[in-house]
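K.L.:
Dropping a structure here in structure tokens format, bear with me for questions.
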Amino acid sequence: MKQRIKKLLNAFQITIQPAFTRISFLSRLYFFLFDQAYGFEQQSVLKGKVGYRKGAGIQAASSSLLRRNIHRLEKGLIMRPRRSIFALDYIGETLTVFDSARKIDGFSEKELIWASAVLSEYFSVIDTSHAALKAHFDFFESLNITNKHEAIPYISQDRAQHTVSYTQLNDLAKARRSTRWYQDKPVSRTLISDAVNIATQAPSACNRQSFRFICIDEKSLISKVAKLPGGTAGFSDNIPCLMAVVGDHSAYLEVRDRHAIYIDSSLASMQFMLACETLGLATCAINWPELKQLDKRVTSLLKLPQHERIIMFIAVGYALPEGGIAYSSKKTAEQLLTYLGDVK
């Protein structure tokens with residue numbers, strides 16, 4: 001009987017759905033009345049905004065506001081041609097959060113070194129006699145920054161060099177395949193740390209890096225968590241190490257940035273998986289379905305605040321030599337690439 005009612009309700013919703021697509025208000029009304037799928041996500045975004053304001057843009061040992069504004073200063077410093085006056089609308093805010101961060105025990109020293117270096121460079125090239133900047137410059141001078149670290153913008157030809165050829169990168173990309181069968185062998189935490197170190201080099205929105213990796217290598221917890229996504233059926237008990245990639249909504253104040261955690265986390269995750277391959281570790285990206293009940297369960301198991309969201313899981317381990325690998329034919333570049341322009 002329950003299945004029959006469920007089937008009828010589903011058929012009814014399918015029938016009325018076109019009517020609710022006419023304007024955005026009706027679409028919101030539809031989800032409010034018939035489908036709460038986005039409810040948990042909306043609550044997470046809202047809690048993130050509240051958390052951002054509560055911490056004044058600072059999240060424990062890091063500050064998304066400081067990172068964003070220092071990156072904005074960097075972009076101003078490398079502008080061609082560089083303006084003699086810029087950042088008037090946010091330099092005061094930047095100095096305030098920088099001063100607050102300096103007073104927090106355990107705040108990232110690396111972040112403070114970068115911020116102080118860029119601020120020093122900014123005030124050394126800007127026209128500090130400008131009326132709107134003099135008070136900010138005087139305040140910065142009062143902080144007595146003595147750091148001379150060269151964590152400042154540099155020219156392209158001074159970038160770190162590499163010896164990786166296209167062929168080598170292509171070979172690495174082809175070698176990394178979703179692996180579901182692993183040896184019964186623990187994964188070194190040192191190797192995991194090394195792979196995350198490579199992941200940190202991935203680009204992110206205004207360098208905020210609003211994500212983190214949770215390494216789960218306790219078998220009992222892996223067993224509980226790995227079964228949740230659904231795509232692990234049949235091999236969830238064979239995973240020796242499970243990485244949870246977590247995005248942090250409290251790093252953003254504007255709703256327009258609500259998807260940044262997914263983009264930034266995905267960029268870092270791909271670099272993590274490629275790094276694992278170079279370290280002799282196989283990986284499998286595990287999709288996370290955005291379902292309210294699953295979100296609640298995983299939040300409880302991993303003890304996450306609701307403003308932090310699971311983006312995906314990654315299984316990591318030493319590949320079982322005789323374990324099967326899906327062929328997974330890939331689309332061609334021609335299928336995925338569109339050119340707009342006259343350049344041949």
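Labeling convention for the structure tokens: chains A, B, ... as they appear, residues from 1 per chain, ligands from 1 in order of appearance.
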Can you pull out the residues contacting A:Leu242? Cut-off 6 Å, using only C-alpha atoms, and skip same-chain residues under 6 positions away; I want them as a PyMOL selection string.
P.N.:
chain A and resi 216+314-315
K.L.:
Pick out the residues sitting within 7 Å of A:Phe107, and hand them over as a PyMOL selection string; count only C-alpha atoms, and ignore anything fewer than 4 positions along from it in its own chain.
P.N.:
chain A and resi 61-62+101
K.L.:
Among stretch 11-173 of chain A, which ones does DSSP place in helix (DSSP H, G or I), written as a VMD selection string?
P.N.:
chain A and resid 11 to 21 24 to 34 39 to 54 64 to 77 91 to 102 109 to 125 131 to 142 156 to 158 166 to 173
K.L.:
Which residues come within 7 Å of A:Ala205, counting only C-alpha atoms, excluding same-chain residues fewer than 3 positions away, as a ChimeraX atom specification?
P.N.:
/A:208,260,264
K.L.:
Taking into account only C-alpha atoms, which residue in the set A:Pro305, A:Pro153, A:Pro229, A:Pro18 is nearest to A:Glu290?
P.N.:
A:Pro229
K.L.:
Between atom CA of A:Ser165 and atom CA of A:Lys75, what is the distance, to one decimal in Å?
P.N.:
29.4 Å
